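Chemist: Below you'll find final-v4.cif; it's mmCIF, C-alpha atoms.
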data_input
#
loop_
_atom_site.label_atom_id
_atom_site.label_comp_id
_atom_site.auth_asym_id
_atom_site.auth_seq_id
_atom_site.Cartn_x
_atom_site.Cartn_y
_atom_site.Cartn_z
CA MET A 283 0.00 0.00 0.00
CA VAL A 284 1.05 3.62 -0.52
CA PHE A 285 2.57 5.16 2.57
CA GLN A 286 0.25 7.48 4.50
CA GLY A 287 2.10 10.45 5.91
CA SER A 288 4.05 13.56 4.95
CA SER A 289 7.67 14.33 4.21
CA ALA A 290 10.14 17.02 3.23
CA ALA A 291 13.67 17.15 1.86
CA ILE A 292 16.18 20.00 1.89
CA SER A 293 19.86 20.34 1.00
CA HIS A 294 22.32 23.20 1.41
CA THR A 295 25.95 23.68 0.36
CA GLY A 296 26.88 25.00 3.80
CA LYS A 297 29.13 27.94 4.65
CA VAL A 298 32.52 26.53 3.63
CA ARG A 299 32.26 24.27 0.61
CA SER A 300 31.80 25.68 -2.88
CA ASN A 301 29.67 22.82 -4.25
CA ASN A 302 27.05 20.41 -2.92
CA GLN A 303 28.06 16.76 -3.08
CA ASP A 304 25.01 15.60 -1.10
CA SER A 305 21.79 14.29 -2.63
CA GLY A 306 18.42 13.60 -1.05
CA TYR A 307 15.11 12.04 -2.10
CA ALA A 308 11.63 12.10 -0.58
CA GLY A 309 8.97 10.21 -2.53
CA SER A 310 5.77 8.34 -1.80
CA ASN A 311 7.38 5.27 -0.17
CA LEU A 312 11.15 5.81 -0.55
CA PHE A 313 13.37 8.26 1.35
CA VAL A 314 17.15 8.54 0.87
CA VAL A 315 20.15 10.64 1.86
CA ALA A 316 23.48 10.18 0.05
CA ASP A 317 26.65 12.09 0.99
CA GLY A 318 29.12 11.99 -1.89
CA MET A 319 32.90 12.19 -1.72
CA GLY A 320 35.73 12.28 -4.19
CA GLY A 321 36.79 15.81 -5.00
CA HIS A 322 35.14 18.63 -6.91
CA ALA A 323 33.02 16.48 -9.22
CA GLY A 324 33.28 12.90 -8.00
CA GLY A 325 31.09 13.34 -4.94
CA ASP A 326 28.37 15.01 -7.00
CA VAL A 327 28.36 12.13 -9.45
CA ALA A 328 28.46 9.37 -6.84
CA SER A 329 25.52 10.61 -4.76
CA SER A 330 23.50 11.36 -7.91
CA ILE A 331 24.12 7.86 -9.28
CA ALA A 332 22.94 6.34 -6.00
CA ILE A 333 19.72 8.39 -5.99
CA THR A 334 19.06 7.66 -9.66
CA ARG A 335 19.47 3.92 -9.16
CA LEU A 336 17.26 3.86 -6.03
CA GLN A 337 14.39 5.94 -7.46
CA ALA A 338 12.89 2.85 -9.09
CA LEU A 339 12.13 1.52 -5.59
CA ASP A 340 9.66 4.33 -4.85
CA ARG A 341 6.60 2.10 -5.08
CA PRO A 342 4.47 -0.17 -2.85
CA PHE A 343 6.00 -3.55 -2.00
CA ASP A 344 4.12 -6.74 -1.23
CA SER A 345 6.33 -7.53 1.75
CA THR A 346 9.18 -6.15 3.84
CA ALA A 347 11.40 -9.01 2.64
CA ASP A 348 10.84 -7.93 -0.98
CA ALA A 349 11.68 -4.33 -0.10
CA GLU A 350 14.85 -5.31 1.80
CA ARG A 351 16.04 -7.49 -1.07
CA ALA A 352 15.29 -4.72 -3.58
CA LEU A 353 17.30 -2.22 -1.52
CA ARG A 354 20.31 -4.53 -1.39
CA ASP A 355 20.16 -5.20 -5.12
CA ALA A 356 19.72 -1.54 -6.07
CA ILE A 357 22.61 -0.36 -3.91
CA SER A 358 24.86 -3.09 -5.32
CA ASP A 359 23.81 -2.02 -8.83
CA ALA A 360 24.74 1.55 -7.89
CA ALA A 361 28.23 0.33 -6.98
CA VAL A 362 28.51 -1.25 -10.43
CA ASP A 363 27.33 2.04 -11.97
CA LEU A 364 30.10 3.89 -10.08
CA ALA A 365 32.73 1.47 -11.37
CA ASP A 366 31.42 1.79 -14.92
CA THR A 367 31.49 5.59 -14.67
CA VAL A 368 35.10 5.54 -13.52
CA GLY A 369 35.92 3.30 -16.48
CA ILE A 370 34.66 6.08 -18.75
CA ARG A 371 36.07 8.98 -16.70
CA PRO A 372 39.19 7.68 -14.88
CA GLU A 373 39.77 11.10 -13.29
CA LEU A 374 36.83 10.27 -11.00
CA ALA A 375 38.60 7.24 -9.51
CA GLY A 376 38.12 7.09 -5.75
CA MET A 377 34.66 8.64 -5.71
CA GLY A 378 32.02 7.19 -3.43
CA THR A 379 28.95 7.99 -1.38
CA THR A 380 27.18 7.12 1.81
CA VAL A 381 23.64 5.81 1.49
CA SER A 382 20.93 5.84 4.15
CA ALA A 383 17.62 4.70 2.69
CA LEU A 384 14.20 3.92 4.10
CA ILE A 385 11.21 2.27 2.42
CA MET A 386 7.80 2.32 4.12
CA VAL A 387 5.94 -0.99 3.79
CA ASP A 388 2.62 -1.03 5.64
CA GLU A 389 3.46 -0.64 9.36
CA TYR A 390 7.18 -1.21 8.86
CA ALA A 391 10.27 0.74 7.90
CA VAL A 392 12.81 -1.15 5.79
CA ILE A 393 16.26 0.38 6.19
CA ALA A 394 19.55 0.07 4.30
CA HIS A 395 22.67 1.91 5.40
CA ILE A 396 26.35 2.31 4.58
CA GLY A 397 28.64 5.16 5.66
CA ASP A 398 28.12 7.88 8.25
CA SER A 399 24.89 9.54 7.17
CA ARG A 400 22.28 8.76 9.81
CA ILE A 401 18.69 7.70 10.35
CA TYR A 402 16.97 8.78 13.57
CA LEU A 403 13.55 7.93 14.99
CA TYR A 404 11.68 10.49 17.10
CA ARG A 405 8.98 8.73 19.12
CA ASP A 406 7.16 9.72 22.33
CA GLY A 407 9.47 12.65 22.95
CA ALA A 408 12.71 10.66 22.57
CA LEU A 409 15.23 10.78 19.70
CA THR A 410 17.03 7.51 18.91
CA GLN A 411 19.84 6.99 16.43
CA ILE A 412 18.81 3.92 14.43
CA THR A 413 21.86 3.43 12.21
CA THR A 414 25.46 2.92 13.31
CA ASP A 415 28.21 5.05 11.74
CA HIS A 416 30.70 3.03 9.70
CA THR A 417 33.60 5.20 10.83
CA PHE A 418 37.00 4.80 12.42
CA VAL A 419 35.97 6.74 15.54
CA GLN A 420 32.79 4.68 15.95
CA ARG A 421 35.00 1.61 16.06
CA LEU A 422 37.05 3.31 18.77
CA VAL A 423 33.84 4.08 20.68
CA ASP A 424 32.60 0.50 20.31
CA SER A 425 35.91 -0.82 21.65
CA GLY A 426 35.78 1.56 24.63
CA ARG A 427 38.87 3.53 23.61
CA ILE A 428 37.07 6.87 23.45
CA THR A 429 33.70 8.23 24.57
CA PRO A 430 30.91 9.32 22.19
CA GLU A 431 31.58 12.93 23.20
CA GLU A 432 35.28 12.56 22.30
CA ALA A 433 34.22 11.05 18.97
CA ARG A 434 32.39 14.30 18.03
CA TYR A 435 35.69 16.21 18.01
CA HIS A 436 38.15 13.46 17.06
CA PRO A 437 40.45 14.52 14.16
CA ARG A 438 39.67 11.22 12.37
CA ARG A 439 35.89 11.44 12.79
CA SER A 440 35.33 11.53 9.01
CA VAL A 441 37.39 8.44 8.17
CA LEU A 442 34.95 5.86 6.78
CA MET A 443 35.39 2.13 7.21
CA ARG A 444 32.57 1.32 4.76
CA VAL A 445 31.30 3.29 1.79
CA LEU A 446 29.55 2.75 -1.52
CA GLY A 447 32.44 3.26 -3.96
CA ASP A 448 33.86 2.37 -7.32
CA MET A 449 36.30 -0.21 -5.93
CA ASP A 450 33.82 -2.71 -4.50
CA THR A 451 30.76 -3.88 -6.45
CA ASP A 452 29.58 -6.00 -3.50
CA PRO A 453 29.34 -3.45 -0.66
CA GLU A 454 28.78 -4.54 2.94
CA LEU A 455 25.41 -3.04 3.90
CA ASP A 456 23.45 -2.87 7.11
CA THR A 457 19.80 -3.75 6.40
CA PHE A 458 17.02 -4.29 8.90
CA ILE A 459 13.29 -3.92 9.40
CA MET A 460 11.60 -1.94 12.18
CA PRO A 461 7.95 -1.51 13.13
CA THR A 462 6.67 2.03 12.89
CA GLN A 463 3.48 3.66 14.12
CA PRO A 464 1.38 6.81 13.66
CA GLY A 465 3.11 9.78 15.26
CA ASP A 466 6.63 8.57 14.49
CA ARG A 467 9.00 11.08 12.91
CA TRP A 468 11.95 9.76 10.92
CA LEU A 469 15.01 11.89 10.22
CA LEU A 470 17.56 11.02 7.55
CA CYS A 471 20.55 13.37 7.40
CA SER A 472 24.13 13.74 6.23
CA ASP A 473 26.88 14.39 8.76
CA GLY A 474 26.67 18.06 7.83
CA LEU A 475 23.76 18.14 10.28
CA SER A 476 24.65 15.45 12.84
CA GLY A 477 28.26 16.65 13.08
CA VAL A 478 27.19 20.19 13.99
CA VAL A 479 23.81 19.96 15.76
CA ASP A 480 23.84 17.63 18.77
CA ASP A 481 21.04 15.20 19.58
CA PRO A 482 19.36 17.28 22.33
CA HIS A 483 18.90 20.26 19.98
CA THR A 484 17.76 17.97 17.17
CA ALA A 485 15.21 16.33 19.48
CA LYS A 486 13.91 19.74 20.56
CA ALA A 487 13.33 20.79 16.94
CA MET A 488 11.69 17.46 16.10
CA GLY A 489 9.39 17.76 19.11
CA LEU A 490 7.92 21.17 18.29
CA GLY A 491 5.21 19.56 16.14
CA LEU A 492 5.93 21.72 13.10
CA ALA A 493 5.30 20.40 9.60
CA PRO A 494 8.21 18.40 8.10
CA GLY A 495 9.28 21.29 5.85
CA ARG A 496 9.41 23.82 8.70
CA THR A 497 11.19 21.32 10.93
CA ALA A 498 13.82 20.72 8.24
CA ASP A 499 14.25 24.50 7.86
CA SER A 500 14.76 24.83 11.63
CA LEU A 501 17.41 22.12 11.70
CA LEU A 502 19.19 23.60 8.69
CA LYS A 503 19.27 27.02 10.38
CA GLN A 504 20.89 25.47 13.45
CA ALA A 505 23.55 23.83 11.26
CA LEU A 506 24.23 27.13 9.48
CA ASP A 507 24.38 29.00 12.78
CA GLY A 508 26.92 26.39 13.91
CA GLY A 509 29.21 27.17 10.96
CA ALA A 510 28.04 24.43 8.55
CA PRO A 511 31.54 23.36 7.42
CA ASP A 512 30.03 20.62 5.23
CA ASN A 513 27.01 20.14 2.98
CA VAL A 514 23.78 19.67 4.91
CA THR A 515 21.00 17.37 3.69
CA ILE A 516 17.85 16.60 5.66
CA VAL A 517 14.87 14.34 4.91
CA ILE A 518 12.01 14.21 7.42
CA VAL A 519 9.21 11.64 7.25
CA ASP A 520 6.08 11.79 9.41
CA VAL A 521 4.02 8.64 9.82
CA GLY A 522 0.36 9.75 9.78
CA GLY A 523 0.15 12.79 12.00
CA GLN A 524 -1.66 16.09 11.86
CA HIS A 525 -0.05 17.45 8.71
CA PRO A 526 -1.63 16.85 5.28
CA LEU A 527 -0.32 14.15 2.97
CA PHE A 528 2.20 15.40 0.43
CA SER A 529 1.96 13.39 -2.76
CA GLY A 530 2.76 13.79 -6.43
CA THR A 531 6.20 14.56 -7.81
CA PRO A 532 9.03 13.27 -5.57
CA THR A 533 11.32 15.86 -4.00
CA ILE A 534 14.93 15.53 -5.14
CA VAL A 535 17.53 17.83 -3.58
CA GLY A 536 21.26 18.40 -3.78
CA SER A 537 23.41 17.35 -6.72
CA ALA A 538 20.85 14.80 -7.94
CA SER A 539 18.31 17.58 -8.50
CA ASN A 540 20.13 18.82 -11.62
CA PRO A 541 17.66 17.91 -14.37
CA THR A 542 20.36 17.84 -17.06
CA GLY A 543 22.69 15.59 -15.11
CA ILE A 544 26.03 16.34 -13.54
CA ASP A 545 28.49 18.41 -15.55
CA VAL A 546 31.79 16.63 -14.92
CA PRO A 547 34.76 18.89 -15.69
CA ALA A 548 37.81 17.41 -17.38
CA ALA A 549 40.67 16.46 -15.14
CA ARG A 550 43.22 19.24 -14.61
CA PRO A 551 46.93 18.53 -15.15
CA GLY A 552 48.52 17.26 -11.97
CA ARG A 553 45.15 16.98 -10.18
CA THR A 554 43.83 13.62 -11.22
CA SER A 555 43.82 12.34 -7.64
CA TRP A 556 41.11 13.52 -5.26
CA LEU A 557 43.71 13.30 -2.50
CA HIS A 558 45.94 15.86 -4.25
CA PRO A 559 47.25 18.27 -1.58
CA ASN A 560 46.85 21.37 -3.77
CA ARG A 561 43.05 21.26 -3.87
CA GLN A 562 41.25 24.16 -2.27
CA ALA A 563 40.12 23.37 1.25
CA ALA A 564 36.46 23.87 0.37
CA ASN A 565 36.64 21.17 -2.27
CA GLU A 566 38.65 18.59 -0.35
CA PRO A 567 36.87 15.28 0.25
CA THR A 568 34.96 15.10 3.50
CA HIS A 569 35.64 11.39 3.92
CA PHE A 570 38.32 8.84 3.23
CA GLU A 571 37.94 5.06 3.12
CA PRO A 572 41.27 3.59 4.30
CA ALA A 573 42.91 0.46 3.02
CA ALA A 574 43.22 -2.38 5.53
CA GLU A 575 46.91 -1.74 6.19
CA PHE A 576 46.25 1.96 6.70
CA LEU A 577 43.68 1.17 9.39
CA GLU A 578 46.35 -0.33 11.63
CA GLU A 579 48.44 2.80 11.11
CA LEU A 580 45.46 4.94 12.13
CA ILE A 581 44.83 2.82 15.22
CA GLU A 582 48.49 3.06 16.20
CA GLU A 583 48.39 6.81 15.64
CA ASP A 584 45.34 7.01 17.88
CA ARG A 585 47.20 5.06 20.55
CA ARG A 586 50.12 7.47 20.29
CA ARG A 587 47.73 10.39 20.63
CA ALA A 588 46.15 8.75 23.70
CA ARG A 589 49.59 8.21 25.25
CA ARG A 590 50.55 11.82 24.53
CA ARG A 591 47.30 12.99 26.15
CA ARG A 592 47.99 10.87 29.23
CA VAL A 593 51.58 12.14 29.49
CA GLY A 594 50.33 15.70 29.00
CA TRP A 595 47.76 15.27 31.79
CA ILE A 596 50.35 13.72 34.13
CA VAL A 597 52.88 16.49 33.45
CA GLY A 598 50.19 19.13 33.84
CA VAL A 599 48.92 17.69 37.13
CA ALA A 600 52.49 17.30 38.40
CA LEU A 601 53.27 20.91 37.50
CA VAL A 602 50.16 22.13 39.31
CA LEU A 603 51.08 20.08 42.38
CA VAL A 604 54.63 21.48 42.32
CA LEU A 605 53.29 25.03 42.08
CA ILE A 606 50.87 24.41 44.95
CA ALA A 607 53.62 22.85 47.06
CA GLY A 608 55.97 25.73 46.24
CA ALA A 609 53.36 28.31 47.16
CA ALA A 610 52.60 26.44 50.41
CA TRP A 611 56.31 26.28 51.29
CA LEU A 612 56.84 29.99 50.60
CA GLY A 613 53.76 30.79 52.66
CA TYR A 614 55.00 28.65 55.54
CA GLN A 615 58.44 30.26 55.38
CA TRP A 616 56.84 33.69 55.64
CA THR A 617 54.87 32.61 58.75
CA GLN A 618 58.15 31.66 60.42
CA THR A 619 59.33 35.30 60.24
CA ARG A 620 56.44 36.26 62.52
CA TYR A 621 56.23 36.02 66.34
CA PHE A 622 53.60 36.45 69.00
CA VAL A 623 53.37 36.30 72.79
CA GLY A 624 50.98 33.88 74.43
CA GLY A 625 50.69 31.47 77.28
CA ASP A 626 51.05 27.75 77.76
CA GLU A 627 49.57 25.94 80.75
CA ASP A 628 51.31 28.12 83.36
CA THR A 629 53.87 30.58 81.89
CA VAL A 630 54.26 33.33 79.30
CA VAL A 631 55.81 32.00 76.06
CA ILE A 632 57.17 33.61 72.88
CA TYR A 633 55.90 31.68 69.82
CA GLN A 634 57.39 31.64 66.32
CA GLY A 635 54.83 31.69 63.47
CA VAL A 636 51.25 32.91 63.31
CA GLN A 637 48.25 32.14 65.47
CA GLN A 638 46.22 30.36 62.72
CA ASN A 639 46.09 26.62 62.08
CA ILE A 640 45.34 24.79 58.80
CA GLY A 641 43.17 21.91 59.96
CA PRO A 642 45.33 19.81 62.29
CA ILE A 643 48.52 21.60 61.15
CA SER A 644 49.76 24.31 63.51
CA LEU A 645 51.55 27.27 61.95
CA SER A 646 53.42 28.15 65.16
CA THR A 647 55.84 26.53 67.60
CA PRO A 648 57.07 27.63 71.08
CA TYR A 649 60.29 29.62 70.62
CA GLU A 650 61.16 30.79 74.15
CA ASP A 651 59.62 30.12 77.55
CA THR A 652 60.00 33.38 79.54
CA GLY A 653 59.45 31.71 82.92
CA ILE A 654 56.92 34.38 83.92
CA PRO A 655 54.08 32.64 85.75
CA LEU A 656 50.65 33.43 84.35
CA ASP A 657 49.19 33.56 87.86
CA SER A 658 51.60 36.38 88.72
CA LEU A 659 49.87 38.67 86.22
CA SER A 660 46.91 40.89 86.85
CA GLU A 661 43.60 39.54 85.60
CA PHE A 662 43.64 41.95 82.64
CA ALA A 663 47.27 41.20 81.70
CA ARG A 664 46.69 37.44 81.93
CA ALA A 665 43.60 37.64 79.67
CA THR A 666 45.60 39.71 77.18
CA VAL A 667 48.46 37.18 77.07
CA GLU A 668 46.15 34.20 76.78
CA GLY A 669 44.46 35.98 73.84
CA THR A 670 47.97 36.32 72.29
CA ILE A 671 49.81 39.52 71.39
CA SER A 672 51.21 39.82 67.82
CA ALA A 673 54.79 41.02 67.36
CA ASN A 674 56.58 42.30 64.25
CA SER A 675 59.85 40.57 65.15
CA LEU A 676 61.62 38.59 67.86
CA SER A 677 62.98 41.78 69.43
CA HIS A 678 59.51 43.27 69.44
CA ALA A 679 58.20 40.13 71.14
CA ARG A 680 60.87 40.45 73.84
CA GLN A 681 59.92 44.08 74.38
CA ILE A 682 56.34 42.94 74.94
CA VAL A 683 57.54 40.31 77.44
CA SER A 684 59.61 43.00 79.23
CA GLY A 685 56.51 45.10 79.64
CA ILE A 686 54.59 42.10 80.95
CA SER A 687 57.47 41.37 83.37
CA ASP A 688 57.26 44.91 84.68
CA LEU A 689 53.53 44.45 85.15
CA SER A 690 54.23 41.22 87.00
CA GLY A 691 56.81 42.88 89.23
CA GLY A 692 54.48 45.73 89.90
CA GLY A 693 51.78 43.31 90.76
CA GLY A 694 54.04 41.53 93.27
#
Could you render the structure from this file as C-alpha cells?
Modeler:
Amino acid sequence: MVFQGSSAAISHTGKVRSNNQDSGYAGSNLFVVADGMGGHAGGDVASSIAITRLQALDRPFDSTADAERALRDAISDAAVDLADTVGIRPELAGMGTTVSALIMVDEYAVIAHIGDSRIYLYRDGALTQITTDHTFVQRLVDSGRITPEEARYHPRRSVLMRVLGDMDTDPELDTFIMPTQPGDRWLLCSDGLSGVVDDPHTAKAMGLGLAPGRTADSLLKQALDGGAPDNVTIVIVDVGGQHPLFSGTPTIVGSASNPTGIDVPAARPGRTSWLHPNRQAANEPTHFEPAAEFLEELIEEDRRRARRRRVGWIVGVALVLVLIAGAAWLGYQWTQTRYFVGGDEDTVVIYQGVQQNIGPISLSTPYEDTGIPLDSLSEFARATVEGTISANSLSHARQIVSGISDLSGGGG
C-alpha cells in the first residue's frame, strides 16, 4: 500500500564548501540521503548515481522481505554504476557515497545503510539513532577507547570504514526492518547536520510539532548557525500525523536535482587524484575510506595520541602540584618570620609563626619560655596574654615580654 504520511527534503551547500556533493530524495514510499565524496566532481556524481538507481524503488511492496532485497540489489547495482562511470572517466577514480535509505511498507520501515549519514527515529518525545556510523571513531567508541563525546571532536571522525564506492561492487550493507506507528518522525541526514547539531537540539526541533518542511528549515538554520563546514541534507518523514499528505512529484535535492545531469569537468593537469594536496580546502573530500593496512596505522596513531594525552595530563597535574607545594612552602616560610606572645599551661611563652592553624597543622611553635608565671599577672594582663599579642619581630616580642614582666613585678 502507498505510505500514508508527509515528508520534506532539503539540502544546502553550507558555509565553507563551494559545491554540494550531497543528494536527497523524498517520494511516496522511498526516502534517501546520500553524501558523496571524491573531490570537486566525483562526490556530485556518486551521490546522484545512487539516488538515480534507487528511485525505481519508490513504489508499494508486497512484503518487507521484498523491499529489503530490492534495496540490497539496487545499492549493489549503484556500486557497479560507479565502477562503470570511472571506467569512462578515470579522473573520478576514488569517488564514493554514503547511502541511508528507508522504504515504508505497511506498518514497517525497511532500512539500508552504509557510511556515516544517519537515520533517527523520534517517538514519544525521545530521539534515537537507528543506524550505526561506519567510521574509524565509531570503532574506537565500540571498543571503549574513546567516549561518544570525544568522537564528536576526534580529528579522524570523518574516516569511513565502509562506503559505496567504485572499488567494491559487492558493498557490505546494514539492512534491517523496524515496526513504525502513527506519530513517528523519521530523520535522515548527512553528517553536515549530525556533526554540527547535537542530539538534544535535534530532538527539541523534532518535538515542536511543526510540519516536516518547517522542521527541516529549523534544523538547517541550526547547522548554518553552527558554521556548517560541510554540505547539509535533511529528509524528514512523518508517519500519519496532523499534517496533510504530500503526494505527487518526488522531492529531489542536492546534486541529484540537476535535471540535465552532472556536468563533470575534465581532469586538470597534476590533479587527477582527489587526495591531491593542492586542492582548495572547500573542495577537499569530506571522507576517506582507508585500506586495511592503513587502518592499523590509524589505530596506532590514535594510541600514540592517547599516550601523549595521558603524558600531558600527568605532566600538567604534576606541574600544578609542584606550584601548589611551592606556594605552600613559601607561605610557611613567611609565617616563620612572625612572632607572638601567648601562654602555655602556666607561663608566658614567645611563639614563632602565626596564630592560625590549617586543619590539624599548627603554623606556630614555642620559641622561648619566659618563665613568667601566668598567675603572677593581673587579671587583665593574663587575659591579654592568653588571647595572644602579635609582634613584628623577635625583638619586638621580647619588648612585649619586658613590659609584661614589669607588670608582674608591679603586681608583686
Chemist: What does the distance between CA of Pro464 (chain A) and CA of Val535 (chain A) come to in Å, to one decimal place?
Modeler: 26.1 Å
Chemist: Hey, what comes out of the PyMOL selection byres ((chain A and resi 647) around 10) on this file? Could you write it as a list in words?
Modeler: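 Output from the PyMOL selection byres ((chain A and resi 647) around 10), applied to this file: Gln618, Tyr621, Ile632, Tyr633, Gln634, Gly635, Val636, Gln637, Ser644, Leu645, Ser646, Pro648, Tyr649 and Glu650 of chain A.
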Chemist: Would you work out the distance separating CA of Ser684 (chain A) from CA of Ala665 (chain A), expressed in Å to one decimal?
Modeler: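 Result for CA of Ser684 (chain A) versus CA of Ala665 (chain A): 16.9 Å, one decimal.
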Chemist: Take CA of His395 (chain A) and CA of Pro461 (chain A) and report the distance between them in Å, one decimal.
Modeler: 17.0 Å
Chemist: List, as a VMD selection string, every residue that the PyMOL selection byres ((chain A and resi 308-323) around 7) selects in the file provided.
Modeler: chain A and resid 284 to 285 289 to 291 303 to 307 324 to 329 339 to 342 376 to 386 399 470 to 472 517 529 532 to 534 546 556 565 to 569
Chemist: Step by step, work through what the PyMOL selection byres ((chain A and resi 439) around 10) selects in the shown file, and finish by giving those residues as a list of chain:residue names.
Modeler: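 Expected selection for the PyMOL selection byres ((chain A and resi 439) around 10) here is A:Asp398, A:Thr417, A:Phe418, A:Val419, A:Gln420, A:Glu432, A:Ala433, A:Arg434, A:Tyr435, A:His436, A:Pro437, A:Arg438, A:Ser440, A:Val441, A:Leu442, A:Gly477, A:His569.
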Chemist: Neighbourhood query: residues within 12 Å of (10.7, 10.6, 17.9), file coordinates, counting all atoms listed in the file; return as a PyMOL selection string.
Modeler: chain A and resi 401-412+462-469+481-482+484-491+518-521
Chemist: Of the candidates A:Ile428, A:Ala349, A:Ala361, A:Glu454, which one gets nearest to Ile333 (chain A) if we count only C-alpha atoms?
Modeler: A:Ala361
Chemist: Could you tell me which of A:Ile516, A:Leu676, A:Ile640, A:Leu501 comes closest to Arg400 (chain A) if we count all atoms listed in the file?
Modeler: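 Going through A:Ile516, A:Leu676, A:Ile640, A:Leu501 one by one, the smallest distance to Arg400 (chain A) is for A:Ile516.
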Chemist: Which residue gives the smallest distance to Arg664 (chain A) among A:Gly536, A:Gly641, A:Gly625, A:Gly508, with only C-alpha atoms counted?
Modeler: A:Gly625
Chemist: Which polymer residues, protein or nucleic acid, are no farther than 9 Å from (12.5, -7.9, 10.4), counting all atoms listed in the file, as a ChimeraX atom specification?
Modeler: /A:346-347,390,392,458-461
Chemist: List the neighbours of Leu475 (chain A) out to 9 Å using only C-alpha atoms; skip same-chain residues closer than 2 positions along the sequence, and give me the result as a list in words.
Modeler: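 Contacts, in chain order: Cys471, Ser472, Asp473, Gly477, Val478, Val479, Asp480, Leu501, Leu502, Gln504, Ala505, Ala510, Asp512, Asn513, Val514, Thr515 and Ile516 of chain A.
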Chemist: Rank nothing, just name the residue among A:Asp348, A:Asp651, A:Val630, A:Gly608 nearest to Ile671 (chain A), using only C-alpha atoms.
Modeler: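 Comparing A:Asp348, A:Asp651, A:Val630, A:Gly608 against Ile671 (chain A), the winner is A:Val630.
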Chemist: Which residue gives the smallest distance to Phe622 (chain A) among A:Ala673, A:Leu603, A:Val597, A:Ala338, with all atoms listed in the file counted?
Modeler: A:Ala673
Chemist: Which residue is closest to Leu659 (chain A)? Choose from A:Asp688, A:Pro430, A:His678, A:Glu389 and count only C-alpha atoms.
Modeler: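 For Leu659 (chain A), the nearest of the given residues is A:Asp688.
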Chemist: Once 6 Å is added on each side, what are the centre and the three edge lengths, in Å to one decimal, of the axis-aligned box enclosing the listed atoms of region 667-681 of chain A? Present them as JSON.
Modeler:
{"center_x": 53.7, "center_y": 39.1, "center_z": 70.7, "size_x": 30.5, "size_y": 21.9, "size_z": 24.8}
